[in-house]
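Data from structure21.txt: compact mmCIF, C-alpha atoms
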# COMPACT_ATOMS: atom_id res chain seq x y z
CA MET W 21 27.17 -120.85 46.19
CA SER W 22 26.62 -121.85 49.80
CA LYS W 23 29.52 -124.28 50.01
CA GLY W 24 33.13 -123.53 50.87
CA ALA W 25 34.82 -120.40 52.10
CA PHE W 26 34.43 -118.37 48.94
CA GLU W 27 31.33 -116.29 48.25
CA MET W 28 30.91 -113.90 45.34
CA GLY W 29 29.03 -111.61 47.72
CA ASP W 30 32.18 -111.11 49.78
CA ILE W 31 33.99 -109.39 46.92
CA PRO W 32 33.81 -105.59 46.88
CA VAL W 33 31.49 -104.53 44.07
CA ALA W 34 34.12 -102.16 42.68
CA ASP W 35 36.56 -105.04 42.32
CA ARG W 36 34.19 -107.45 40.63
CA LEU W 37 33.11 -104.75 38.20
CA ALA W 38 36.70 -103.75 37.49
CA ILE W 39 37.74 -107.34 36.82
CA ASN W 40 34.72 -107.84 34.55
CA ASP W 41 35.67 -104.61 32.76
CA LEU W 42 39.18 -105.98 32.25
CA VAL W 43 37.86 -109.10 30.52
CA ILE W 44 35.61 -106.99 28.31
CA ALA W 45 38.48 -104.61 27.54
CA TYR W 46 40.49 -107.61 26.37
CA ALA W 47 37.73 -108.77 24.01
CA THR W 48 37.19 -105.24 22.75
CA ALA W 49 40.89 -104.83 22.02
CA VAL W 50 41.05 -108.19 20.25
CA ASP W 51 38.08 -107.06 18.13
CA SER W 52 39.74 -103.74 17.26
CA MET W 53 41.61 -105.61 14.49
CA GLY W 54 44.82 -103.74 15.21
CA ASP W 55 45.22 -102.14 18.62
CA VAL W 56 47.91 -104.38 20.12
CA ASP W 57 48.73 -101.74 22.75
CA ALA W 58 45.18 -102.02 24.10
CA ILE W 59 45.64 -105.78 24.37
CA LEU W 60 48.96 -105.45 26.18
CA ASP W 61 47.40 -102.88 28.52
CA ILE W 62 45.27 -105.55 30.17
CA PHE W 63 48.27 -107.79 30.95
CA THR W 64 51.16 -107.40 33.37
CA LYS W 65 54.58 -107.29 31.71
CA GLU W 66 55.32 -110.92 32.56
CA ALA W 67 51.85 -112.32 32.05
CA GLU W 68 51.40 -115.93 31.00
CA PHE W 69 49.24 -116.28 27.91
CA ASP W 70 48.14 -119.83 27.22
CA LEU W 71 45.85 -120.64 24.33
CA SER W 72 47.34 -124.09 23.83
CA SER W 73 43.92 -125.65 24.48
CA VAL W 74 42.73 -124.19 21.18
CA GLY W 75 45.94 -124.97 19.31
CA MET W 76 47.39 -121.49 19.65
CA ALA W 77 50.22 -119.82 21.52
CA CYS W 78 51.50 -120.59 25.00
CA ILE W 79 53.77 -117.61 25.65
CA THR W 80 54.97 -115.22 28.34
CA GLY W 81 55.32 -111.45 28.44
CA HIS W 82 54.37 -108.39 26.43
CA ALA W 83 56.84 -108.86 23.57
CA ALA W 84 55.59 -112.36 22.83
CA ILE W 85 51.94 -111.36 23.15
CA ARG W 86 52.59 -108.45 20.78
CA LEU W 87 54.15 -110.75 18.22
CA PHE W 88 51.26 -113.17 18.53
CA TYR W 89 48.60 -110.53 17.97
CA GLU W 90 50.52 -108.87 15.15
CA GLY W 91 50.28 -112.24 13.44
CA VAL W 92 46.59 -112.60 14.25
CA PHE W 93 45.78 -109.15 12.91
CA ALA W 94 47.84 -109.81 9.78
CA ALA W 95 45.88 -112.99 9.12
CA ASN W 96 42.33 -112.02 10.10
CA SER W 97 39.89 -109.51 8.68
CA HIS W 98 37.10 -109.67 11.29
CA HIS W 99 36.71 -110.60 14.94
CA ALA W 100 33.81 -110.68 17.37
CA HIS W 101 34.26 -111.95 20.92
CA TYR W 102 31.10 -112.03 23.02
CA ILE W 103 31.73 -112.18 26.77
CA SER W 104 29.13 -113.47 29.23
CA ASN W 105 28.63 -115.55 32.40
CA PHE W 106 31.27 -113.59 34.30
CA ALA W 107 32.24 -115.04 37.66
CA VAL W 108 34.98 -114.33 40.15
CA THR W 109 36.21 -117.74 41.26
CA ALA W 110 38.84 -116.70 43.82
CA TYR W 111 39.59 -113.46 45.62
CA ALA W 112 42.32 -112.48 48.04
CA GLY W 113 42.19 -108.70 48.08
CA HIS W 114 45.10 -108.00 45.74
CA THR W 115 44.78 -111.06 43.57
CA ALA W 116 41.78 -112.82 42.11
CA SER W 117 40.71 -115.36 39.52
CA ALA W 118 37.81 -114.96 37.14
CA ARG W 119 36.02 -117.00 34.51
CA ALA W 120 33.91 -115.78 31.63
CA TYR W 121 32.20 -117.48 28.75
CA VAL W 122 33.14 -116.42 25.25
CA ILE W 123 31.72 -116.89 21.78
CA GLY W 124 34.76 -116.06 19.68
CA MET W 125 34.31 -115.54 15.97
CA GLY W 126 36.98 -114.88 13.40
CA ARG W 127 37.17 -114.44 9.67
CA GLY W 128 40.49 -114.92 7.95
CA LYS W 129 41.69 -112.81 5.05
CA ASP W 130 41.94 -116.15 3.20
CA GLY W 131 38.17 -116.59 3.54
CA SER W 132 38.33 -119.00 6.47
CA ALA W 133 35.87 -118.75 9.35
CA ILE W 134 36.02 -120.03 12.90
CA THR W 135 33.64 -119.92 15.86
CA VAL W 136 34.86 -120.99 19.29
CA HIS W 137 32.45 -121.67 22.17
CA GLY W 138 34.63 -121.51 25.23
CA ARG W 139 35.55 -120.11 28.59
CA TYR W 140 38.25 -117.64 29.49
CA TYR W 141 40.21 -117.96 32.72
CA PHE W 142 42.08 -114.97 34.09
CA ASP W 143 44.31 -114.63 37.12
CA VAL W 144 44.52 -110.95 37.96
CA SER W 145 46.49 -108.70 40.29
CA ARG W 146 45.71 -105.28 41.63
CA THR W 147 48.43 -102.90 40.39
CA LYS W 148 48.90 -99.16 40.65
CA HIS W 149 47.27 -99.00 37.20
CA GLY W 150 44.31 -101.10 38.25
CA TRP W 151 43.61 -104.81 37.87
CA LYS W 152 45.81 -106.54 35.28
CA ALA W 153 45.98 -110.12 34.09
CA THR W 154 48.93 -112.22 35.22
CA ARG W 155 47.70 -115.38 33.54
CA TYR W 156 45.19 -116.05 30.79
CA SER W 157 43.96 -119.33 29.39
CA MET W 158 40.82 -120.83 27.94
CA ASP W 159 39.02 -124.07 27.31
CA THR W 160 36.26 -125.03 24.90
CA MET W 161 32.76 -126.23 25.65
CA LEU W 162 31.77 -127.37 22.18
CA PRO W 163 33.87 -128.91 19.42
CA ILE W 164 35.33 -126.08 17.34
CA GLY W 165 33.36 -125.61 14.13
CA MET Q 49 42.26 -98.89 31.18
CA SER Q 50 45.16 -96.99 32.69
CA LYS Q 51 45.46 -94.41 29.95
CA GLY Q 52 43.66 -91.09 29.63
CA ALA Q 53 41.39 -89.25 32.01
CA PHE Q 54 38.47 -91.65 31.83
CA GLU Q 55 38.21 -94.66 34.12
CA MET Q 56 35.21 -96.96 34.37
CA GLY Q 57 35.89 -97.16 38.10
CA ASP Q 58 35.12 -93.45 38.46
CA ILE Q 59 31.49 -93.93 37.42
CA PRO Q 60 29.00 -94.38 40.23
CA VAL Q 61 27.89 -98.01 40.26
CA ALA Q 62 24.22 -96.98 40.22
CA ASP Q 63 24.78 -95.07 37.00
CA ARG Q 64 26.64 -97.77 35.16
CA LEU Q 65 24.04 -100.33 36.15
CA ALA Q 66 21.19 -98.02 35.14
CA ILE Q 67 22.75 -97.35 31.74
CA ASN Q 68 23.35 -101.07 31.22
CA ASP Q 69 19.71 -101.67 32.20
CA LEU Q 70 18.63 -99.12 29.59
CA VAL Q 71 20.45 -100.97 26.82
CA ILE Q 72 18.92 -104.26 27.94
CA ALA Q 73 15.47 -102.66 28.17
CA TYR Q 74 15.87 -101.56 24.56
CA ALA Q 75 16.73 -105.08 23.38
CA THR Q 76 13.93 -106.57 25.45
CA ALA Q 77 11.42 -104.13 23.96
CA VAL Q 78 12.65 -104.84 20.43
CA ASP Q 79 12.20 -108.56 21.15
CA SER Q 80 8.64 -108.05 22.47
CA MET Q 81 7.48 -108.14 18.83
CA GLY Q 82 5.02 -105.31 19.40
CA ASP Q 83 5.61 -103.03 22.38
CA VAL Q 84 6.62 -99.83 20.60
CA ASP Q 85 5.87 -97.76 23.72
CA ALA Q 86 8.52 -99.71 25.60
CA ILE Q 87 11.00 -98.90 22.84
CA LEU Q 88 10.13 -95.20 22.88
CA ASP Q 89 10.45 -95.19 26.67
CA ILE Q 90 14.20 -95.65 26.45
CA PHE Q 91 14.66 -92.63 24.13
CA THR Q 92 14.29 -88.90 24.73
CA LYS Q 93 11.61 -87.22 22.59
CA GLU Q 94 14.17 -85.86 20.12
CA ALA Q 95 16.56 -88.79 20.11
CA GLU Q 96 18.63 -89.51 17.04
CA PHE Q 97 18.27 -93.07 15.82
CA ASP Q 98 20.85 -94.08 13.25
CA LEU Q 99 20.94 -97.61 11.85
CA SER Q 100 22.27 -96.46 8.48
CA SER Q 101 25.38 -98.62 9.00
CA VAL Q 102 23.17 -101.70 8.63
CA GLY Q 103 21.10 -100.27 5.80
CA MET Q 104 18.20 -99.20 7.99
CA ALA Q 105 16.68 -95.95 9.23
CA CYS Q 106 18.48 -92.74 10.17
CA ILE Q 107 15.71 -90.80 11.86
CA THR Q 108 14.96 -88.40 14.72
CA GLY Q 109 12.27 -88.35 17.39
CA HIS Q 110 9.59 -90.58 18.83
CA ALA Q 111 7.12 -90.32 15.93
CA ALA Q 112 9.70 -91.51 13.42
CA ILE Q 113 11.00 -94.25 15.70
CA ARG Q 114 7.42 -95.41 16.25
CA LEU Q 115 6.80 -95.58 12.52
CA PHE Q 116 10.05 -97.47 12.00
CA TYR Q 117 9.25 -100.12 14.60
CA GLU Q 118 5.65 -100.48 13.50
CA GLY Q 119 7.12 -101.45 10.14
CA VAL Q 120 9.63 -103.82 11.71
CA PHE Q 121 6.96 -105.55 13.78
CA ALA Q 122 4.67 -105.80 10.75
CA ALA Q 123 7.44 -107.50 8.76
CA ASN Q 124 9.07 -109.76 11.35
CA SER Q 125 7.80 -112.74 13.30
CA HIS Q 126 10.70 -113.31 15.70
CA HIS Q 127 13.54 -111.32 17.26
CA ALA Q 128 16.35 -112.10 19.67
CA HIS Q 129 18.92 -109.47 20.59
CA TYR Q 130 21.68 -110.66 22.91
CA ILE Q 131 23.51 -107.85 24.72
CA SER Q 132 27.01 -108.29 26.15
CA ASN Q 133 30.40 -106.58 26.63
CA PHE Q 134 28.80 -103.48 28.15
CA ALA Q 135 31.14 -100.54 28.65
CA VAL Q 136 30.67 -96.92 29.58
CA THR Q 137 32.98 -95.01 27.24
CA ALA Q 138 32.36 -91.46 28.48
CA TYR Q 139 30.79 -90.00 31.60
CA ALA Q 140 30.11 -86.45 32.68
CA GLY Q 141 27.62 -86.84 35.51
CA HIS Q 142 24.43 -86.03 33.60
CA THR Q 143 25.47 -87.38 30.23
CA ALA Q 144 27.36 -90.50 29.24
CA SER Q 145 28.19 -92.72 26.30
CA ALA Q 146 28.06 -96.49 26.31
CA ARG Q 147 28.89 -99.35 23.99
CA ALA Q 148 27.51 -102.88 24.04
CA TYR Q 149 27.93 -105.86 21.79
CA VAL Q 150 24.86 -107.36 20.21
CA ILE Q 151 23.98 -110.55 18.43
CA GLY Q 152 20.78 -109.52 16.70
CA MET Q 153 18.63 -112.19 15.13
CA GLY Q 154 15.45 -111.71 13.14
CA ARG Q 155 13.01 -113.90 11.29
CA GLY Q 156 10.76 -112.30 8.69
CA LYS Q 157 7.16 -113.31 8.14
CA ASP Q 158 8.29 -113.98 4.57
CA GLY Q 159 10.64 -116.70 5.83
CA SER Q 160 13.79 -114.60 5.68
CA ALA Q 161 16.41 -114.79 8.42
CA ILE Q 162 19.13 -112.40 9.46
CA THR Q 163 21.86 -112.44 12.12
CA VAL Q 164 23.86 -109.30 12.83
CA HIS Q 165 27.08 -109.37 14.87
CA GLY Q 166 27.56 -105.79 15.91
CA ARG Q 167 27.99 -103.12 18.53
CA TYR Q 168 25.47 -100.64 19.83
CA TYR Q 169 26.48 -97.09 20.72
CA PHE Q 170 24.28 -95.01 23.00
CA ASP Q 171 24.60 -91.42 24.12
CA VAL Q 172 22.47 -91.04 27.22
CA SER Q 173 21.24 -88.25 29.46
CA ARG Q 174 20.04 -88.29 33.03
CA THR Q 175 16.42 -87.09 33.02
CA LYS Q 176 13.79 -86.85 35.74
CA HIS Q 177 12.61 -90.26 34.49
CA GLY Q 178 16.06 -91.79 34.67
CA TRP Q 179 18.71 -92.29 32.00
CA LYS Q 180 17.38 -92.00 28.45
CA ALA Q 181 19.08 -92.32 25.07
CA THR Q 182 19.65 -89.15 23.07
CA ARG Q 183 21.48 -90.91 20.26
CA TYR Q 184 21.68 -94.52 19.15
CA SER Q 185 23.75 -96.07 16.40
CA MET Q 186 25.54 -99.32 15.65
CA ASP Q 187 28.26 -100.86 13.58
CA THR Q 188 28.96 -104.43 12.55
CA MET Q 189 31.90 -106.65 13.41
CA LEU Q 190 31.27 -109.46 10.97
CA PRO Q 191 29.78 -109.39 7.49
CA ILE Q 192 26.00 -109.73 7.82
CA GLY Q 193 24.86 -113.27 7.05
CA MET V 63 11.72 -97.96 33.07
CA SER V 64 9.85 -94.89 34.24
CA LYS V 65 6.43 -96.52 34.42
CA GLY V 66 4.90 -98.38 37.33
CA ALA V 67 6.04 -98.86 40.88
CA PHE V 68 9.03 -101.06 40.10
CA GLU V 69 12.44 -99.62 39.29
CA MET V 70 15.64 -101.63 38.87
CA GLY V 71 17.46 -98.81 40.62
CA ASP V 72 15.52 -99.48 43.82
CA ILE V 73 17.06 -102.92 44.22
CA PRO V 74 20.15 -103.12 46.42
CA VAL V 75 23.18 -103.70 44.22
CA ALA V 76 24.26 -106.67 46.31
CA ASP V 77 20.92 -108.37 45.67
CA ARG V 78 20.82 -107.82 41.93
CA LEU V 79 24.39 -109.06 41.60
CA ALA V 80 23.69 -112.09 43.78
CA ILE V 81 20.60 -113.01 41.75
CA ASN V 82 22.54 -112.58 38.50
CA ASP V 83 25.28 -114.78 40.00
CA LEU V 84 22.66 -117.43 40.77
CA VAL V 85 21.51 -117.55 37.15
CA ILE V 86 25.10 -117.81 35.96
CA ALA V 87 25.84 -120.51 38.55
CA TYR V 88 22.94 -122.50 37.13
CA ALA V 89 24.25 -122.27 33.57
CA THR V 90 27.77 -123.09 34.73
CA ALA V 91 26.54 -126.16 36.59
CA VAL V 92 24.49 -127.31 33.59
CA ASP V 93 27.63 -126.94 31.46
CA SER V 94 29.74 -128.95 33.92
CA MET V 95 28.38 -132.10 32.20
CA GLY V 96 28.00 -133.90 35.50
CA ASP V 97 27.80 -131.81 38.66
CA VAL V 98 24.15 -132.34 39.61
CA ASP V 99 24.82 -131.18 43.18
CA ALA V 100 25.86 -127.77 41.84
CA ILE V 101 22.58 -127.59 39.93
CA LEU V 102 20.52 -128.54 42.98
CA ASP V 103 22.43 -125.97 45.03
CA ILE V 104 20.78 -123.11 43.17
CA PHE V 105 17.24 -124.41 43.89
CA THR V 106 15.21 -124.63 47.07
CA LYS V 107 14.24 -128.17 48.08
CA GLU V 108 10.70 -127.78 46.73
CA ALA V 109 11.51 -125.67 43.68
CA GLU V 110 9.29 -125.88 40.63
CA PHE V 111 11.23 -126.63 37.47
CA ASP V 112 9.24 -126.10 34.29
CA LEU V 113 10.81 -126.61 30.88
CA SER V 114 7.54 -127.73 29.30
CA SER V 115 7.77 -124.81 26.86
CA VAL V 116 10.74 -126.52 25.22
CA GLY V 117 9.26 -130.00 25.41
CA MET V 118 11.14 -130.99 28.54
CA ALA V 119 10.34 -131.71 32.18
CA CYS V 120 7.82 -129.95 34.40
CA ILE V 121 8.80 -131.24 37.83
CA THR V 122 9.09 -130.28 41.50
CA GLY V 123 11.84 -130.74 44.04
CA HIS V 124 15.46 -131.81 44.26
CA ALA V 125 14.93 -135.53 43.70
CA ALA V 126 13.08 -134.95 40.43
CA ILE V 127 15.55 -132.33 39.24
CA ARG V 128 18.40 -134.72 40.03
CA LEU V 129 16.78 -137.48 38.03
CA PHE V 130 16.18 -135.10 35.13
CA TYR V 131 19.80 -133.92 34.98
CA GLU V 132 21.19 -137.41 35.44
CA GLY V 133 19.29 -138.21 32.27
CA VAL V 134 20.54 -135.10 30.49
CA PHE V 135 24.15 -135.81 31.40
CA ALA V 136 23.79 -139.45 30.34
CA ALA V 137 22.49 -138.35 26.93
CA ASN V 138 24.63 -135.32 26.16
CA SER V 139 28.35 -134.90 25.55
CA HIS V 140 28.61 -131.07 25.42
CA HIS V 141 26.71 -128.06 26.72
CA ALA V 142 27.18 -124.31 26.46
CA HIS V 143 24.62 -121.92 27.97
CA TYR V 144 25.35 -118.24 27.38
CA ILE V 145 23.52 -115.91 29.77
CA SER V 146 22.87 -112.24 28.97
CA ASN V 147 20.29 -109.44 29.23
CA PHE V 148 19.82 -109.98 32.96
CA ALA V 149 16.96 -108.06 34.51
CA VAL V 150 15.22 -108.15 37.87
CA THR V 151 11.52 -107.91 37.07
CA ALA V 152 10.08 -107.90 40.59
CA TYR V 153 11.58 -107.35 44.02
CA ALA V 154 10.11 -107.49 47.50
CA GLY V 155 13.12 -107.67 49.78
CA HIS V 156 13.11 -111.41 50.47
CA THR V 157 11.67 -112.54 47.17
CA ALA V 158 12.32 -111.44 43.61
CA SER V 159 11.82 -112.42 39.99
CA ALA V 160 14.44 -112.23 37.29
CA ARG V 161 14.71 -112.78 33.56
CA ALA V 162 17.80 -113.56 31.53
CA TYR V 163 18.37 -114.38 27.91
CA VAL V 164 20.06 -117.64 27.06
CA ILE V 165 21.69 -119.20 24.04
CA GLY V 166 21.61 -122.84 24.99
CA MET V 167 23.64 -125.30 22.95
CA GLY V 168 23.79 -129.03 23.36
CA ARG V 169 25.44 -131.93 21.61
CA GLY V 170 24.07 -135.41 22.14
CA LYS V 171 26.22 -138.51 22.44
CA ASP V 172 24.17 -139.76 19.48
CA GLY V 173 25.55 -136.93 17.33
CA SER V 174 22.49 -134.71 17.63
CA ALA V 175 22.82 -130.95 18.06
CA ILE V 176 20.43 -128.34 19.38
CA THR V 177 20.56 -124.58 19.84
CA VAL V 178 17.85 -122.81 21.81
CA HIS V 179 17.42 -119.03 21.72
CA GLY V 180 15.31 -118.27 24.74
CA ARG V 181 14.71 -116.56 28.02
CA TYR V 182 14.99 -117.92 31.54
CA TYR V 183 12.58 -116.86 34.25
CA PHE V 184 13.48 -117.35 37.89
CA ASP V 185 11.52 -116.68 41.04
CA VAL V 186 13.99 -116.49 43.89
CA SER V 187 13.92 -116.29 47.67
CA ARG V 188 16.48 -115.06 50.12
CA THR V 189 17.46 -117.99 52.35
CA LYS V 190 20.07 -118.40 55.05
CA HIS V 191 22.28 -119.84 52.30
CA GLY V 192 21.72 -116.88 49.98
CA TRP V 193 19.29 -116.41 47.11
CA LYS V 194 17.82 -119.67 45.78
CA ALA V 195 15.37 -120.36 42.97
CA THR V 196 11.85 -121.39 43.96
CA ARG V 197 10.60 -121.54 40.38
CA TYR V 198 12.34 -121.79 37.03
CA SER V 199 10.87 -121.72 33.55
CA MET V 200 11.80 -120.53 30.08
CA ASP V 201 10.37 -119.53 26.76
CA THR V 202 11.87 -119.35 23.30
CA MET V 203 12.38 -116.33 21.07
CA LEU V 204 13.27 -118.11 17.86
CA PRO V 205 12.06 -121.44 16.48
CA ILE V 206 14.35 -124.17 17.83
CA GLY V 207 16.88 -125.27 15.22
Output the file's structure in the form of structure tokens.
Amino acid sequence: MSKGAFEMGDIPVADRLAINDLVIAYATAVDSMGDVDAILDIFTKEAEFDLSSVGMACITGHAAIRLFYEGVFAANSHHAHYISNFAVTAYAGHTASARAYVIGMGRGKDGSAITVHGRYYFDVSRTKHGWKATRYSMDTMLPIG
Amino acid sequence: MSKGAFEMGDIPVADRLAINDLVIAYATAVDSMGDVDAILDIFTKEAEFDLSSVGMACITGHAAIRLFYEGVFAANSHHAHYISNFAVTAYAGHTASARAYVIGMGRGKDGSAITVHGRYYFDVSRTKHGWKATRYSMDTMLPIG
Amino acid sequence: MSKGAFEMGDIPVADRLAINDLVIAYATAVDSMGDVDAILDIFTKEAEFDLSSVGMACITGHAAIRLFYEGVFAANSHHAHYISNFAVTAYAGHTASARAYVIGMGRGKDGSAITVHGRYYFDVSRTKHGWKATRYSMDTMLPIG
């Protein structure tokens, strides 16, 4: 907290809240079980989407993200993605990076179940439509069970 | 985020924090295992309280909510209600609506255990004693296990 | 909320966010699986650290906290500590108290696993390096499994 040039307290409150809202909007859209437009709305057109760390897609842009989530929604019956431990980890006025913890739960239509204990990483840019993600990735904290 | 008339960023920070605090105060009171007054304190006198989606009470007003929670506290030995993914979903200055995710865990005195993965929905009003809930309901994201 | 002299809404937003950030920084450091300096950075030099309620250390000061976490990191392979339900419970300008819920998960190198459903309690002081914890303790809401 006291080390280095970056301090959370230097970030305008409106920006940190808006970026936190963006992460929550993503989880909420993923848990809608169908609203791909709401998912795309949090990303810039050319956003990088990298879930390779959990054995899923590493793709770029709205069309690819749409295809990915159409597949997810076709396969899964239930989602719940709990977001916590939000932190802005870099901030430069019109761009920022943020981290949040996630407990991600899914139930497949085939009866499968997965729970992921991980962290989301978002690079975001301020656009005329508000903060949007330019890059999204995650890692895991516990073995996936 | 960029669609429609409503933007989280339009809500005064003090209001969104106060409404988030109200939701957390509710969970904290429920987890007190006995402080019914603290539960009632978050609701207006005539609040609607609808947990029918999880097979529980659909009731109105402090007396009925008191009776409900006296029963809950008589039956249960432990609670833990984790609140996350807070969002204000409507705002009109003196009224608002909010959604939060919840992981709700209970242990019955009879040895039973329940975990609910759901979402809370609150309609709230600004009163002379601060924001209070006029309506409360929930839904579930995963099958109850 | 409406009872007593203390109101969350009286706390400057910057302070409540900074204290919340401190709690999250603690969890993040604990989950780093090695960065003891980042853990110490959230505590004052003479901080009291009391995890006796969960059968762990009750110690004072940086050297003892370092020793404790060196032991934890030697024993454990994975951590995930999910923070939610943040509340400031006392505030006096240069000192404050805060509570947060935690789901704390650990995996031992010996194959053991633990999940703790509890609450963190922090007393904090405003220092020239920002808010730091002077006392830290926890309790549990559910039996440890």
### Message
Please identify all residues of chain W having at least one atom at most 8 Å from any atom of chain V, considering all atoms listed in the file, and return them as a list in words.
### Response
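My answer is Met21, Ser22, Met28, Gly29, Val33, Ser104, Asn105, Phe106, Ala107, Tyr121, His137, Met161 and Leu162 of chain W.
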### Message
Please compute the atom CA of Lys65 of chain W-atom CA of Ala95 of chain W distance, one decimal, in Å.
### Response
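One can read the atom CA of Lys65 of chain W to atom CA of Ala95 of chain W distance as 24.9 Å.
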## Note on the structure
From the list Q:Arg167, Q:Lys157, Q:Arg183, Q:His142, the nearest residue to Asp98 of chain Q using all atoms listed in the file is Q:Arg183
### Query
Hey, can you check how far atom CA of Thr163 of chain Q sits from atom CA of Thr160 of chain W?
23.0 Å
### Coordinates-based distance that separates atom CA of Arg36 of chain W from atom CA of Gly138 of chain W (Å, one decimal)
20.9 Å
### Message
Ranking W:Ala110, W:Val92, W:Ile39, W:Met76 by minimum distance to Val56 of chain W and counting all atoms listed in the file, which one comes first?
### Response
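For Val56 of chain W, the nearest of the candidates is W:Val92.
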### Message
I'd like to know which of V:Asn138, V:Pro74, V:Phe68, V:Tyr88 is closest to Ser174 of chain V, using all atoms listed in the file.
### Response
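Smallest separation from Ser174 of chain V among the options: V:Asn138.
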### Which residue of W:Gly113, W:Gly54, W:Gly75, W:Gly81 approaches Val136 of chain W most closely, using all atoms listed in the file
W:Gly75
Would you mind listing what lies within 8 Å of Tyr156 of chain W as a short mmCIF file (atom, residue, chain, number, x, y, z; two decimals) with C-alpha atoms, keeping the file's coordinate frame, with only C-alpha atoms counted and same-chain residues fewer than 4 positions away left out?
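Result written to out_15.cif:
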data_model
loop_
_atom_site.label_atom_id
_atom_site.label_comp_id
_atom_site.auth_asym_id
_atom_site.auth_seq_id
_atom_site.Cartn_x
_atom_site.Cartn_y
_atom_site.Cartn_z
CA ALA W 67 51.85 -112.32 32.05
CA GLU W 68 51.40 -115.93 31.00
CA PHE W 69 49.24 -116.28 27.91
CA ASP W 70 48.14 -119.83 27.22
CA LEU W 71 45.85 -120.64 24.33
CA TYR W 140 38.25 -117.64 29.49
CA TYR W 141 40.21 -117.96 32.72
CA PHE W 142 42.08 -114.97 34.09
CA ASP W 143 44.31 -114.63 37.12
#
### Query
So, counting all atoms listed in the file, which residue among W:Ser157, W:Ser145, W:Ile59, W:Val50 is closest to Ala77 of chain W?
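Between W:Ser157, W:Ser145, W:Ile59, W:Val50, the residue approaching Ala77 of chain W most closely is W:Ser157.
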How would segment 114-118 of chain V look with all heavy atoms restored, written as a PDB file, in the coordinates of the input?
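Below is the file that was written, part06.pdb:
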ATOM      1  N   SER V 114       8.562-127.189  30.217  1.00  0.00           N
ATOM      2  CA  SER V 114       7.540-127.730  29.300  1.00  0.00           C
ATOM      3  C   SER V 114       7.472-126.920  28.005  1.00  0.00           C
ATOM      4  O   SER V 114       7.116-127.461  26.958  1.00  0.00           O
ATOM      5  CB  SER V 114       6.180-127.779  29.983  1.00  0.00           C
ATOM      6  OG  SER V 114       5.825-126.509  30.478  1.00  0.00           O
ATOM      7  N   SER V 115       7.846-125.637  28.064  1.00  0.00           N
ATOM      8  CA  SER V 115       7.770-124.810  26.860  1.00  0.00           C
ATOM      9  C   SER V 115       8.764-125.254  25.797  1.00  0.00           C
ATOM     10  O   SER V 115       8.618-124.906  24.626  1.00  0.00           O
ATOM     11  CB  SER V 115       8.039-123.344  27.215  1.00  0.00           C
ATOM     12  OG  SER V 115       9.406-123.156  27.515  1.00  0.00           O
ATOM     13  N   VAL V 116       9.795-125.982  26.202  1.00  0.00           N
ATOM     14  CA  VAL V 116      10.740-126.520  25.220  1.00  0.00           C
ATOM     15  C   VAL V 116      10.657-128.042  25.161  1.00  0.00           C
ATOM     16  O   VAL V 116      11.616-128.724  24.787  1.00  0.00           O
ATOM     17  CB  VAL V 116      12.198-126.056  25.509  1.00  0.00           C
ATOM     18  CG1 VAL V 116      12.339-124.570  25.196  1.00  0.00           C
ATOM     19  CG2 VAL V 116      12.622-126.345  26.947  1.00  0.00           C
ATOM     20  N   GLY V 117       9.515-128.568  25.555  1.00  0.00           N
ATOM     21  CA  GLY V 117       9.260-130.000  25.410  1.00  0.00           C
ATOM     22  C   GLY V 117       9.983-130.868  26.413  1.00  0.00           C
ATOM     23  O   GLY V 117      10.166-132.065  26.203  1.00  0.00           O
ATOM     24  N   MET V 118      10.409-130.229  27.534  1.00  0.00           N
ATOM     25  CA  MET V 118      11.140-130.990  28.540  1.00  0.00           C
ATOM     26  C   MET V 118      10.343-131.028  29.848  1.00  0.00           C
ATOM     27  O   MET V 118       9.153-130.750  29.873  1.00  0.00           O
ATOM     28  CB  MET V 118      12.539-130.421  28.715  1.00  0.00           C
ATOM     29  CG  MET V 118      13.390-130.579  27.426  1.00  0.00           C
ATOM     30  SD  MET V 118      15.169-130.418  27.695  1.00  0.00           S
ATOM     31  CE  MET V 118      15.316-128.645  27.935  1.00  0.00           C
TER      32      MET V 118
END
